[in-house]
Structures are given as structure tokens and as C-alpha cells.
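input_13.pdb follows; it contains PDB, N, CA and C atoms.
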```
ATOM      1  N   MET I   1     -12.203  16.149  -3.342
ATOM      2  CA  MET I   1     -10.751  16.211  -3.348
ATOM      3  C   MET I   1     -10.218  15.702  -2.007
ATOM      4  N   THR I   2      -9.136  14.987  -2.068
ATOM      5  CA  THR I   2      -8.530  14.402  -0.874
ATOM      6  C   THR I   2      -7.795  15.469  -0.077
ATOM      7  N   ASP I   3      -7.909  15.409   1.248
ATOM      8  CA  ASP I   3      -7.219  16.354   2.117
ATOM      9  C   ASP I   3      -5.842  15.802   2.465
ATOM     10  N   TYR I   4      -4.879  16.039   1.580
ATOM     11  CA  TYR I   4      -3.537  15.514   1.779
ATOM     12  C   TYR I   4      -2.850  16.158   2.976
ATOM     13  N   SER I   5      -3.138  17.425   3.251
ATOM     14  CA  SER I   5      -2.532  18.091   4.407
ATOM     15  C   SER I   5      -2.889  17.369   5.696
ATOM     16  N   GLN I   6      -4.145  16.986   5.842
ATOM     17  CA  GLN I   6      -4.571  16.280   7.046
ATOM     18  C   GLN I   6      -3.950  14.893   7.101
ATOM     19  N   GLN I   7      -3.880  14.216   5.967
ATOM     20  CA  GLN I   7      -3.261  12.894   5.943
ATOM     21  C   GLN I   7      -1.789  12.965   6.347
ATOM     22  N   LEU I   8      -1.081  13.988   5.876
ATOM     23  CA  LEU I   8       0.329  14.152   6.240
ATOM     24  C   LEU I   8       0.485  14.435   7.728
ATOM     25  N   GLU I   9      -0.408  15.245   8.281
ATOM     26  CA  GLU I   9      -0.370  15.515   9.726
ATOM     27  C   GLU I   9      -0.649  14.241  10.522
ATOM     28  N   ASP I  10      -1.624  13.459  10.084
ATOM     29  CA  ASP I  10      -1.939  12.194  10.753
ATOM     30  C   ASP I  10      -0.752  11.246  10.703
ATOM     31  N   LEU I  11      -0.072  11.216   9.580
ATOM     32  CA  LEU I  11       1.105  10.366   9.436
ATOM     33  C   LEU I  11       2.223  10.843  10.364
ATOM     34  N   LYS I  12       2.452  12.129  10.396
ATOM     35  CA  LYS I  12       3.489  12.709  11.257
ATOM     36  C   LYS I  12       3.198  12.418  12.729
ATOM     37  N   ASN I  13       1.942  12.503  13.115
ATOM     38  CA  ASN I  13       1.553  12.309  14.515
ATOM     39  C   ASN I  13       1.398  10.847  14.908
ATOM     40  N   GLY I  14       1.630   9.941  13.967
ATOM     41  CA  GLY I  14       1.553   8.520  14.259
ATOM     42  C   GLY I  14       0.144   7.958  14.300
ATOM     43  N   GLU I  15      -0.825   8.724  13.848
ATOM     44  CA  GLU I  15      -2.214   8.260  13.831
ATOM     45  C   GLU I  15      -2.451   7.243  12.716
ATOM     46  N   ILE I  16      -1.656   7.335  11.647
ATOM     47  CA  ILE I  16      -1.679   6.343  10.580
ATOM     48  C   ILE I  16      -0.237   5.945  10.296
ATOM     49  N   GLU I  17      -0.031   4.761   9.708
ATOM     50  CA  GLU I  17       1.321   4.260   9.465
ATOM     51  C   GLU I  17       1.875   4.660   8.105
ATOM     52  N   SER I  18       0.986   4.858   7.130
ATOM     53  CA  SER I  18       1.451   5.193   5.789
ATOM     54  C   SER I  18       0.322   5.826   4.984
ATOM     55  N   ILE I  19       0.719   6.430   3.874
ATOM     56  CA  ILE I  19      -0.225   6.996   2.908
ATOM     57  C   ILE I  19       0.108   6.369   1.557
ATOM     58  N   THR I  20      -0.883   5.806   0.906
ATOM     59  CA  THR I  20      -0.687   5.221  -0.421
ATOM     60  C   THR I  20      -1.222   6.188  -1.467
ATOM     61  N   ILE I  21      -0.348   6.555  -2.406
ATOM     62  CA  ILE I  21      -0.702   7.498  -3.464
ATOM     63  C   ILE I  21      -0.627   6.783  -4.804
ATOM     64  N   GLU I  22      -1.702   6.848  -5.542
ATOM     65  CA  GLU I  22      -1.742   6.247  -6.879
ATOM     66  C   GLU I  22      -1.144   7.213  -7.896
ATOM     67  N   LYS I  23      -0.727   6.684  -9.016
ATOM     68  CA  LYS I  23      -0.055   7.457 -10.060
ATOM     69  C   LYS I  23      -0.827   8.725 -10.454
ATOM     70  N   GLY I  24      -2.123   8.606 -10.629
ATOM     71  CA  GLY I  24      -2.933   9.741 -11.055
ATOM     72  C   GLY I  24      -3.068  10.846 -10.024
ATOM     73  N   ASP I  25      -2.796  10.542  -8.758
ATOM     74  CA  ASP I  25      -2.909  11.532  -7.676
ATOM     75  C   ASP I  25      -1.567  12.124  -7.267
ATOM     76  N   PHE I  26      -0.478  11.618  -7.840
ATOM     77  CA  PHE I  26       0.856  11.986  -7.380
ATOM     78  C   PHE I  26       1.132  13.484  -7.458
ATOM     79  N   LEU I  27       0.826  14.113  -8.567
ATOM     80  CA  LEU I  27       1.157  15.532  -8.713
ATOM     81  C   LEU I  27       0.392  16.406  -7.713
ATOM     82  N   ASP I  28      -0.877  16.097  -7.477
ATOM     83  CA  ASP I  28      -1.650  16.844  -6.487
ATOM     84  C   ASP I  28      -1.058  16.644  -5.090
ATOM     85  N   PHE I  29      -0.700  15.402  -4.772
ATOM     86  CA  PHE I  29      -0.103  15.102  -3.475
ATOM     87  C   PHE I  29       1.242  15.814  -3.319
ATOM     88  N   ARG I  30       2.070  15.740  -4.329
ATOM     89  CA  ARG I  30       3.408  16.344  -4.273
ATOM     90  C   ARG I  30       3.329  17.850  -4.063
ATOM     91  N   THR I  31       2.361  18.504  -4.676
ATOM     92  CA  THR I  31       2.183  19.942  -4.509
ATOM     93  C   THR I  31       1.974  20.304  -3.044
ATOM     94  N   VAL I  32       1.213  19.487  -2.330
ATOM     95  CA  VAL I  32       0.959  19.716  -0.903
ATOM     96  C   VAL I  32       2.200  19.358  -0.086
ATOM     97  N   LEU I  33       2.854  18.278  -0.443
ATOM     98  CA  LEU I  33       4.006  17.788   0.315
ATOM     99  C   LEU I  33       5.179  18.759   0.301
ATOM    100  N   ILE I  34       5.555  19.272  -0.851
ATOM    101  CA  ILE I  34       6.799  20.037  -0.955
ATOM    102  C   ILE I  34       6.731  21.424  -0.315
ATOM    103  N   VAL I  35       5.555  21.916   0.014
ATOM    104  CA  VAL I  35       5.470  23.223   0.673
ATOM    105  C   VAL I  35       5.622  23.111   2.193
ATOM    106  N   ARG I  36       5.637  21.890   2.708
ATOM    107  CA  ARG I  36       5.797  21.681   4.147
ATOM    108  C   ARG I  36       7.262  21.846   4.536
ATOM    109  N   GLU I  37       7.510  22.457   5.685
ATOM    110  CA  GLU I  37       8.877  22.619   6.165
ATOM    111  C   GLU I  37       9.514  21.278   6.497
ATOM    112  N   ASP I  38       8.714  20.293   6.884
ATOM    113  CA  ASP I  38       9.238  18.985   7.277
ATOM    114  C   ASP I  38       9.153  17.944   6.157
ATOM    115  N   PHE I  39       9.091  18.398   4.902
ATOM    116  CA  PHE I  39       8.849  17.453   3.806
ATOM    117  C   PHE I  39       9.954  16.403   3.668
ATOM    118  N   LYS I  40      11.152  16.678   4.137
ATOM    119  CA  LYS I  40      12.235  15.698   4.028
ATOM    120  C   LYS I  40      12.085  14.545   5.019
ATOM    121  N   HIS I  41      11.118  14.626   5.913
ATOM    122  CA  HIS I  41      10.858  13.541   6.854
ATOM    123  C   HIS I  41       9.918  12.485   6.259
ATOM    124  N   PHE I  42       9.325  12.795   5.125
ATOM    125  CA  PHE I  42       8.401  11.861   4.484
ATOM    126  C   PHE I  42       9.160  11.077   3.419
ATOM    127  N   ARG I  43       9.130   9.764   3.551
ATOM    128  CA  ARG I  43       9.862   8.893   2.634
ATOM    129  C   ARG I  43       8.871   8.126   1.775
ATOM    130  N   GLY I  44       9.056   8.241   0.461
ATOM    131  CA  GLY I  44       8.204   7.529  -0.467
ATOM    132  C   GLY I  44       8.897   6.308  -1.030
ATOM    133  N   THR I  45       8.186   5.209  -1.093
ATOM    134  CA  THR I  45       8.684   3.982  -1.698
ATOM    135  C   THR I  45       7.796   3.675  -2.900
ATOM    136  N   ALA I  46       8.424   3.618  -4.075
ATOM    137  CA  ALA I  46       7.675   3.409  -5.318
ATOM    138  C   ALA I  46       7.469   1.927  -5.584
ATOM    139  N   TYR I  47       6.293   1.607  -6.099
ATOM    140  CA  TYR I  47       5.932   0.244  -6.462
ATOM    141  C   TYR I  47       5.458   0.214  -7.902
ATOM    142  N   HIS I  48       5.133  -0.958  -8.387
ATOM    143  CA  HIS I  48       4.677  -1.119  -9.765
ATOM    144  C   HIS I  48       3.423  -0.288 -10.047
ATOM    145  N   HIS I  49       3.295   0.090 -11.294
ATOM    146  CA  HIS I  49       2.124   0.814 -11.799
ATOM    147  C   HIS I  49       1.973   2.205 -11.194
ATOM    148  N   GLY I  50       3.064   2.791 -10.697
ATOM    149  CA  GLY I  50       3.042   4.167 -10.228
ATOM    150  C   GLY I  50       2.518   4.391  -8.828
ATOM    151  N   THR I  51       2.308   3.349  -8.057
ATOM    152  CA  THR I  51       1.850   3.494  -6.681
ATOM    153  C   THR I  51       3.043   3.823  -5.787
ATOM    154  N   THR I  52       2.886   4.808  -4.908
ATOM    155  CA  THR I  52       3.934   5.184  -3.964
ATOM    156  C   THR I  52       3.356   5.173  -2.560
ATOM    157  N   VAL I  53       4.093   4.584  -1.630
ATOM    158  CA  VAL I  53       3.674   4.525  -0.233
ATOM    159  C   VAL I  53       4.604   5.426   0.574
ATOM    160  N   TYR I  54       4.024   6.379   1.289
ATOM    161  CA  TYR I  54       4.795   7.324   2.090
ATOM    162  C   TYR I  54       4.723   6.971   3.562
ATOM    163  N   THR I  55       5.863   7.080   4.217
ATOM    164  CA  THR I  55       5.962   6.912   5.668
ATOM    165  C   THR I  55       6.674   8.128   6.242
ATOM    166  N   TYR I  56       6.614   8.282   7.554
ATOM    167  CA  TYR I  56       7.260   9.389   8.227
ATOM    168  C   TYR I  56       8.491   8.876   8.959
ATOM    169  N   THR I  57       9.613   9.595   8.850
ATOM    170  CA  THR I  57      10.839   9.225   9.531
ATOM    171  C   THR I  57      11.267  10.348  10.467
ATOM    172  N   GLU I  58      11.869   9.978  11.578
ATOM    173  CA  GLU I  58      12.356  10.988  12.535
ATOM    174  C   GLU I  58      13.524  11.777  11.962
ATOM    175  N   GLU I  59      14.373  11.094  11.203
ATOM    176  CA  GLU I  59      15.527  11.750  10.577
ATOM    177  C   GLU I  59      15.163  12.207   9.167
ATOM    178  N   PRO I  60      15.458  13.461   8.822
ATOM    179  CA  PRO I  60      15.155  13.913   7.462
ATOM    180  C   PRO I  60      16.097  13.267   6.458
ATOM    181  N   SER I  61      15.639  13.122   5.227
ATOM    182  CA  SER I  61      16.523  12.618   4.166
ATOM    183  C   SER I  61      17.530  13.710   3.817
ATOM    184  N   LYS I  62      18.585  13.320   3.202
ATOM    185  CA  LYS I  62      19.656  14.289   2.887
ATOM    186  C   LYS I  62      19.502  14.870   1.526
TER     187      LYS I  62
END
```

Would you write out, as C-alpha cells, the structure that this file holds?
Amino acid sequence: MTDYSQQLEDLKNGEIESITIEKGDFLDFRTVLIVREDFKHFRGTAYHHGTTVYTYTEEPSK
């Protein structure tokens, strides 16, 4: 199983630039993402075939 918590921390700390999530992994990833207090700082951009790329932003989404 993928350690999404560590990937999100790495993204937040600037150790990686983005996280790519495939359609089949989205629900598992989302479960980890939404329990974080800073989840509004992670921006997902959807692409074809259900792939989503997440980046970290300094400003939270509204």
C-alpha cells in the first residue's frame, strides 16, 4: 500500500513537486487527504482517464 501521508508531507515540504494519482487509487488517497488540517492547500488538477496531479499551494483554496 502506498504511504500517501508521507507523500503529502514531502509535497508540503517541497521535497517533491507533485503527486500523480490514478483513477483506481483516488478514493484511498482522498481518505488520507481530507483528514489533514491543511488539506485546502493541496490543489488537484484532473486529466484524461481519471488521472489527477496534486500540488501544494501557500494559499488555501476557498

### Query
Which protein, DNA or RNA residues are at most 10 Å from (12.2, 13.8, 12.3) in the file's coordinates when you count only C-alpha atoms, listed as a list of chain:residue names?
I:Lys12, I:Asp38, I:Phe39, I:Lys40, I:His41, I:Phe42, I:Tyr56, I:Thr57, I:Glu58, I:Glu59, I:Pro60, I:Ser61

Include N, CA and C atoms and write out the residues we just selected as a PDB file, keeping the file's coordinate frame.
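Dumped to part_7.pdb:
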```pdb
ATOM      1  N   LYS I  12       2.452  12.129  10.396  1.00  0.00           N
ATOM      2  CA  LYS I  12       3.489  12.709  11.257  1.00  0.00           C
ATOM      3  C   LYS I  12       3.198  12.418  12.729  1.00  0.00           C
ATOM      4  N   ASP I  38       8.714  20.293   6.884  1.00  0.00           N
ATOM      5  CA  ASP I  38       9.238  18.985   7.277  1.00  0.00           C
ATOM      6  C   ASP I  38       9.153  17.944   6.157  1.00  0.00           C
ATOM      7  N   PHE I  39       9.091  18.398   4.902  1.00  0.00           N
ATOM      8  CA  PHE I  39       8.849  17.453   3.806  1.00  0.00           C
ATOM      9  C   PHE I  39       9.954  16.403   3.668  1.00  0.00           C
ATOM     10  N   LYS I  40      11.152  16.678   4.137  1.00  0.00           N
ATOM     11  CA  LYS I  40      12.235  15.698   4.028  1.00  0.00           C
ATOM     12  C   LYS I  40      12.085  14.545   5.019  1.00  0.00           C
ATOM     13  N   HIS I  41      11.118  14.626   5.913  1.00  0.00           N
ATOM     14  CA  HIS I  41      10.858  13.541   6.854  1.00  0.00           C
ATOM     15  C   HIS I  41       9.918  12.485   6.259  1.00  0.00           C
ATOM     16  N   PHE I  42       9.325  12.795   5.125  1.00  0.00           N
ATOM     17  CA  PHE I  42       8.401  11.861   4.484  1.00  0.00           C
ATOM     18  C   PHE I  42       9.160  11.077   3.419  1.00  0.00           C
ATOM     19  N   TYR I  56       6.614   8.282   7.554  1.00  0.00           N
ATOM     20  CA  TYR I  56       7.260   9.389   8.227  1.00  0.00           C
ATOM     21  C   TYR I  56       8.491   8.876   8.959  1.00  0.00           C
ATOM     22  N   THR I  57       9.613   9.595   8.850  1.00  0.00           N
ATOM     23  CA  THR I  57      10.839   9.225   9.531  1.00  0.00           C
ATOM     24  C   THR I  57      11.267  10.348  10.467  1.00  0.00           C
ATOM     25  N   GLU I  58      11.869   9.978  11.578  1.00  0.00           N
ATOM     26  CA  GLU I  58      12.356  10.988  12.535  1.00  0.00           C
ATOM     27  C   GLU I  58      13.524  11.777  11.962  1.00  0.00           C
ATOM     28  N   GLU I  59      14.373  11.094  11.203  1.00  0.00           N
ATOM     29  CA  GLU I  59      15.527  11.750  10.577  1.00  0.00           C
ATOM     30  C   GLU I  59      15.163  12.207   9.167  1.00  0.00           C
ATOM     31  N   PRO I  60      15.458  13.461   8.822  1.00  0.00           N
ATOM     32  CA  PRO I  60      15.155  13.913   7.462  1.00  0.00           C
ATOM     33  C   PRO I  60      16.097  13.267   6.458  1.00  0.00           C
ATOM     34  N   SER I  61      15.639  13.122   5.227  1.00  0.00           N
ATOM     35  CA  SER I  61      16.523  12.618   4.166  1.00  0.00           C
ATOM     36  C   SER I  61      17.530  13.710   3.817  1.00  0.00           C
TER      37      SER I  61
END
```

### Task
Using backbone DSSP assignments, extract all strand (DSSP E) residues from chain I; output them as a VMD selection string.
chain I and resid 19 to 21 42 to 46 52 to 56

### Task
Please provide as a VMD selection string all residues within 8 Å of I:Ser18, with the sequence filter that same-chain residues fewer than 6 positions apart are discarded (counting only C-alpha atoms).
chain I and resid 11 53 to 56

### Message
Given only N, CA and C atoms as the basis, pick out the residue of I:Glu9, I:Thr20, I:His49, I:Tyr4 nearest to I:Val32.
### Response
I:Tyr4

### Query
So which residues get picked by the PyMOL selection byres (((chain I and resi 2 and name CA) around 10) and name CA) here, written as an NGL selection string?
:I and (1 or 3-7 or 25 or 28-29)

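Counting only N, CA and C atoms and comparing I:Ile21, I:His48, I:Lys62, I:Leu33, the residue that lies closest to I:Leu8 is I:Leu33.
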
Just stretch 42-56 of chain I from the block, all heavy atoms, as a PDB file, in the first residue's frame, could you?
```pdb
ATOM      1  N   PHE I  42      -3.731  21.723  -0.819  1.00  0.00           N
ATOM      2  CA  PHE I  42      -3.398  20.784  -1.887  1.00  0.00           C
ATOM      3  C   PHE I  42      -4.381  20.980  -3.036  1.00  0.00           C
ATOM      4  O   PHE I  42      -5.587  20.897  -2.852  1.00  0.00           O
ATOM      5  CB  PHE I  42      -3.452  19.342  -1.375  1.00  0.00           C
ATOM      6  CG  PHE I  42      -2.402  19.067  -0.329  1.00  0.00           C
ATOM      7  CD1 PHE I  42      -2.689  19.211   1.013  1.00  0.00           C
ATOM      8  CD2 PHE I  42      -1.123  18.697  -0.704  1.00  0.00           C
ATOM      9  CE1 PHE I  42      -1.721  18.976   1.969  1.00  0.00           C
ATOM     10  CE2 PHE I  42      -0.148  18.458   0.255  1.00  0.00           C
ATOM     11  CZ  PHE I  42      -0.453  18.600   1.590  1.00  0.00           C
ATOM     12  N   ARG I  43      -3.838  21.260  -4.206  1.00  0.00           N
ATOM     13  CA  ARG I  43      -4.666  21.530  -5.380  1.00  0.00           C
ATOM     14  C   ARG I  43      -4.514  20.388  -6.371  1.00  0.00           C
ATOM     15  O   ARG I  43      -3.401  20.051  -6.778  1.00  0.00           O
ATOM     16  CB  ARG I  43      -4.236  22.831  -6.033  1.00  0.00           C
ATOM     17  CG  ARG I  43      -5.026  23.132  -7.313  1.00  0.00           C
ATOM     18  CD  ARG I  43      -4.675  24.464  -7.889  1.00  0.00           C
ATOM     19  NE  ARG I  43      -5.143  25.481  -6.961  1.00  0.00           N
ATOM     20  CZ  ARG I  43      -4.580  26.684  -6.828  1.00  0.00           C
ATOM     21  NH1 ARG I  43      -3.520  27.002  -7.539  1.00  0.00           N
ATOM     22  NH2 ARG I  43      -5.072  27.548  -5.981  1.00  0.00           N
ATOM     23  N   GLY I  44      -5.655  19.817  -6.755  1.00  0.00           N
ATOM     24  CA  GLY I  44      -5.651  18.744  -7.725  1.00  0.00           C
ATOM     25  C   GLY I  44      -6.074  19.233  -9.093  1.00  0.00           C
ATOM     26  O   GLY I  44      -7.042  19.990  -9.213  1.00  0.00           O
ATOM     27  N   THR I  45      -5.366  18.808 -10.110  1.00  0.00           N
ATOM     28  CA  THR I  45      -5.709  19.113 -11.491  1.00  0.00           C
ATOM     29  C   THR I  45      -6.025  17.792 -12.185  1.00  0.00           C
ATOM     30  O   THR I  45      -5.179  16.900 -12.233  1.00  0.00           O
ATOM     31  CB  THR I  45      -4.536  19.823 -12.212  1.00  0.00           C
ATOM     32  OG1 THR I  45      -4.190  20.996 -11.476  1.00  0.00           O
ATOM     33  CG2 THR I  45      -4.921  20.205 -13.634  1.00  0.00           C
ATOM     34  N   ALA I  46      -7.254  17.693 -12.694  1.00  0.00           N
ATOM     35  CA  ALA I  46      -7.711  16.447 -13.316  1.00  0.00           C
ATOM     36  C   ALA I  46      -7.318  16.398 -14.783  1.00  0.00           C
ATOM     37  O   ALA I  46      -7.350  17.416 -15.487  1.00  0.00           O
ATOM     38  CB  ALA I  46      -9.221  16.334 -13.176  1.00  0.00           C
ATOM     39  N   TYR I  47      -6.944  15.207 -15.225  1.00  0.00           N
ATOM     40  CA  TYR I  47      -6.576  14.958 -16.612  1.00  0.00           C
ATOM     41  C   TYR I  47      -7.396  13.801 -17.151  1.00  0.00           C
ATOM     42  O   TYR I  47      -8.178  13.185 -16.425  1.00  0.00           O
ATOM     43  CB  TYR I  47      -5.076  14.654 -16.717  1.00  0.00           C
ATOM     44  CG  TYR I  47      -4.223  15.852 -16.382  1.00  0.00           C
ATOM     45  CD1 TYR I  47      -3.721  16.028 -15.098  1.00  0.00           C
ATOM     46  CD2 TYR I  47      -3.935  16.817 -17.339  1.00  0.00           C
ATOM     47  CE1 TYR I  47      -2.950  17.139 -14.780  1.00  0.00           C
ATOM     48  CE2 TYR I  47      -3.168  17.930 -17.030  1.00  0.00           C
ATOM     49  CZ  TYR I  47      -2.680  18.088 -15.747  1.00  0.00           C
ATOM     50  OH  TYR I  47      -1.934  19.191 -15.444  1.00  0.00           O
ATOM     51  N   HIS I  48      -7.203  13.482 -18.406  1.00  0.00           N
ATOM     52  CA  HIS I  48      -7.943  12.397 -19.046  1.00  0.00           C
ATOM     53  C   HIS I  48      -7.722  11.063 -18.329  1.00  0.00           C
ATOM     54  O   HIS I  48      -6.690  10.834 -17.717  1.00  0.00           O
ATOM     55  CB  HIS I  48      -7.499  12.247 -20.509  1.00  0.00           C
ATOM     56  CG  HIS I  48      -8.028  13.335 -21.379  1.00  0.00           C
ATOM     57  ND1 HIS I  48      -7.454  14.583 -21.439  1.00  0.00           N
ATOM     58  CD2 HIS I  48      -9.099  13.365 -22.199  1.00  0.00           C
ATOM     59  CE1 HIS I  48      -8.129  15.339 -22.274  1.00  0.00           C
ATOM     60  NE2 HIS I  48      -9.136  14.626 -22.762  1.00  0.00           N
ATOM     61  N   HIS I  49      -8.722  10.223 -18.431  1.00  0.00           N
ATOM     62  CA  HIS I  49      -8.682   8.857 -17.901  1.00  0.00           C
ATOM     63  C   HIS I  49      -8.587   8.808 -16.380  1.00  0.00           C
ATOM     64  O   HIS I  49      -8.106   7.835 -15.814  1.00  0.00           O
ATOM     65  CB  HIS I  49      -7.560   8.044 -18.540  1.00  0.00           C
ATOM     66  CG  HIS I  49      -7.574   8.076 -20.026  1.00  0.00           C
ATOM     67  ND1 HIS I  49      -8.570   7.470 -20.761  1.00  0.00           N
ATOM     68  CD2 HIS I  49      -6.740   8.661 -20.909  1.00  0.00           C
ATOM     69  CE1 HIS I  49      -8.344   7.672 -22.043  1.00  0.00           C
ATOM     70  NE2 HIS I  49      -7.239   8.402 -22.172  1.00  0.00           N
ATOM     71  N   GLY I  50      -9.012   9.871 -15.694  1.00  0.00           N
ATOM     72  CA  GLY I  50      -9.089   9.859 -14.241  1.00  0.00           C
ATOM     73  C   GLY I  50      -7.802  10.135 -13.499  1.00  0.00           C
ATOM     74  O   GLY I  50      -7.748   9.978 -12.289  1.00  0.00           O
ATOM     75  N   THR I  51      -6.758  10.559 -14.176  1.00  0.00           N
ATOM     76  CA  THR I  51      -5.502  10.891 -13.519  1.00  0.00           C
ATOM     77  C   THR I  51      -5.598  12.296 -12.929  1.00  0.00           C
ATOM     78  O   THR I  51      -6.084  13.216 -13.583  1.00  0.00           O
ATOM     79  CB  THR I  51      -4.329  10.836 -14.516  1.00  0.00           C
ATOM     80  OG1 THR I  51      -4.253   9.515 -15.043  1.00  0.00           O
ATOM     81  CG2 THR I  51      -3.013  11.197 -13.844  1.00  0.00           C
ATOM     82  N   THR I  52      -5.160  12.461 -11.684  1.00  0.00           N
ATOM     83  CA  THR I  52      -5.153  13.764 -11.028  1.00  0.00           C
ATOM     84  C   THR I  52      -3.756  14.039 -10.500  1.00  0.00           C
ATOM     85  O   THR I  52      -3.136  13.164  -9.891  1.00  0.00           O
ATOM     86  CB  THR I  52      -6.166  13.807  -9.865  1.00  0.00           C
ATOM     87  OG1 THR I  52      -7.449  13.414 -10.349  1.00  0.00           O
ATOM     88  CG2 THR I  52      -6.259  15.192  -9.264  1.00  0.00           C
ATOM     89  N   VAL I  53      -3.272  15.250 -10.733  1.00  0.00           N
ATOM     90  CA  VAL I  53      -1.954  15.661 -10.259  1.00  0.00           C
ATOM     91  C   VAL I  53      -2.154  16.701  -9.161  1.00  0.00           C
ATOM     92  O   VAL I  53      -2.814  17.725  -9.382  1.00  0.00           O
ATOM     93  CB  VAL I  53      -1.097  16.231 -11.408  1.00  0.00           C
ATOM     94  CG1 VAL I  53       0.241  16.727 -10.874  1.00  0.00           C
ATOM     95  CG2 VAL I  53      -0.878  15.173 -12.488  1.00  0.00           C
ATOM     96  N   TYR I  54      -1.593  16.434  -7.990  1.00  0.00           N
ATOM     97  CA  TYR I  54      -1.723  17.331  -6.846  1.00  0.00           C
ATOM     98  C   TYR I  54      -0.448  18.122  -6.631  1.00  0.00           C
ATOM     99  O   TYR I  54       0.655  17.581  -6.725  1.00  0.00           O
ATOM    100  CB  TYR I  54      -2.043  16.532  -5.574  1.00  0.00           C
ATOM    101  CG  TYR I  54      -3.466  16.060  -5.541  1.00  0.00           C
ATOM    102  CD1 TYR I  54      -3.828  14.865  -6.129  1.00  0.00           C
ATOM    103  CD2 TYR I  54      -4.460  16.839  -4.958  1.00  0.00           C
ATOM    104  CE1 TYR I  54      -5.148  14.442  -6.137  1.00  0.00           C
ATOM    105  CE2 TYR I  54      -5.781  16.423  -4.958  1.00  0.00           C
ATOM    106  CZ  TYR I  54      -6.119  15.229  -5.546  1.00  0.00           C
ATOM    107  OH  TYR I  54      -7.424  14.836  -5.555  1.00  0.00           O
ATOM    108  N   THR I  55      -0.625  19.394  -6.332  1.00  0.00           N
ATOM    109  CA  THR I  55       0.477  20.282  -5.959  1.00  0.00           C
ATOM    110  C   THR I  55       0.120  20.960  -4.645  1.00  0.00           C
ATOM    111  O   THR I  55      -1.040  20.922  -4.214  1.00  0.00           O
ATOM    112  CB  THR I  55       0.737  21.353  -7.048  1.00  0.00           C
ATOM    113  OG1 THR I  55      -0.475  22.081  -7.282  1.00  0.00           O
ATOM    114  CG2 THR I  55       1.213  20.721  -8.345  1.00  0.00           C
ATOM    115  N   TYR I  56       1.103  21.585  -4.017  1.00  0.00           N
ATOM    116  CA  TYR I  56       0.893  22.281  -2.766  1.00  0.00           C
ATOM    117  C   TYR I  56       0.924  23.781  -3.019  1.00  0.00           C
ATOM    118  O   TYR I  56       1.782  24.271  -3.743  1.00  0.00           O
ATOM    119  CB  TYR I  56       1.968  21.914  -1.740  1.00  0.00           C
ATOM    120  CG  TYR I  56       1.715  22.493  -0.365  1.00  0.00           C
ATOM    121  CD1 TYR I  56       0.835  21.870   0.496  1.00  0.00           C
ATOM    122  CD2 TYR I  56       2.336  23.667   0.041  1.00  0.00           C
ATOM    123  CE1 TYR I  56       0.563  22.392   1.750  1.00  0.00           C
ATOM    124  CE2 TYR I  56       2.078  24.196   1.297  1.00  0.00           C
ATOM    125  CZ  TYR I  56       1.198  23.561   2.148  1.00  0.00           C
ATOM    126  OH  TYR I  56       0.937  24.090   3.382  1.00  0.00           O
TER     127      TYR I  56
END
```
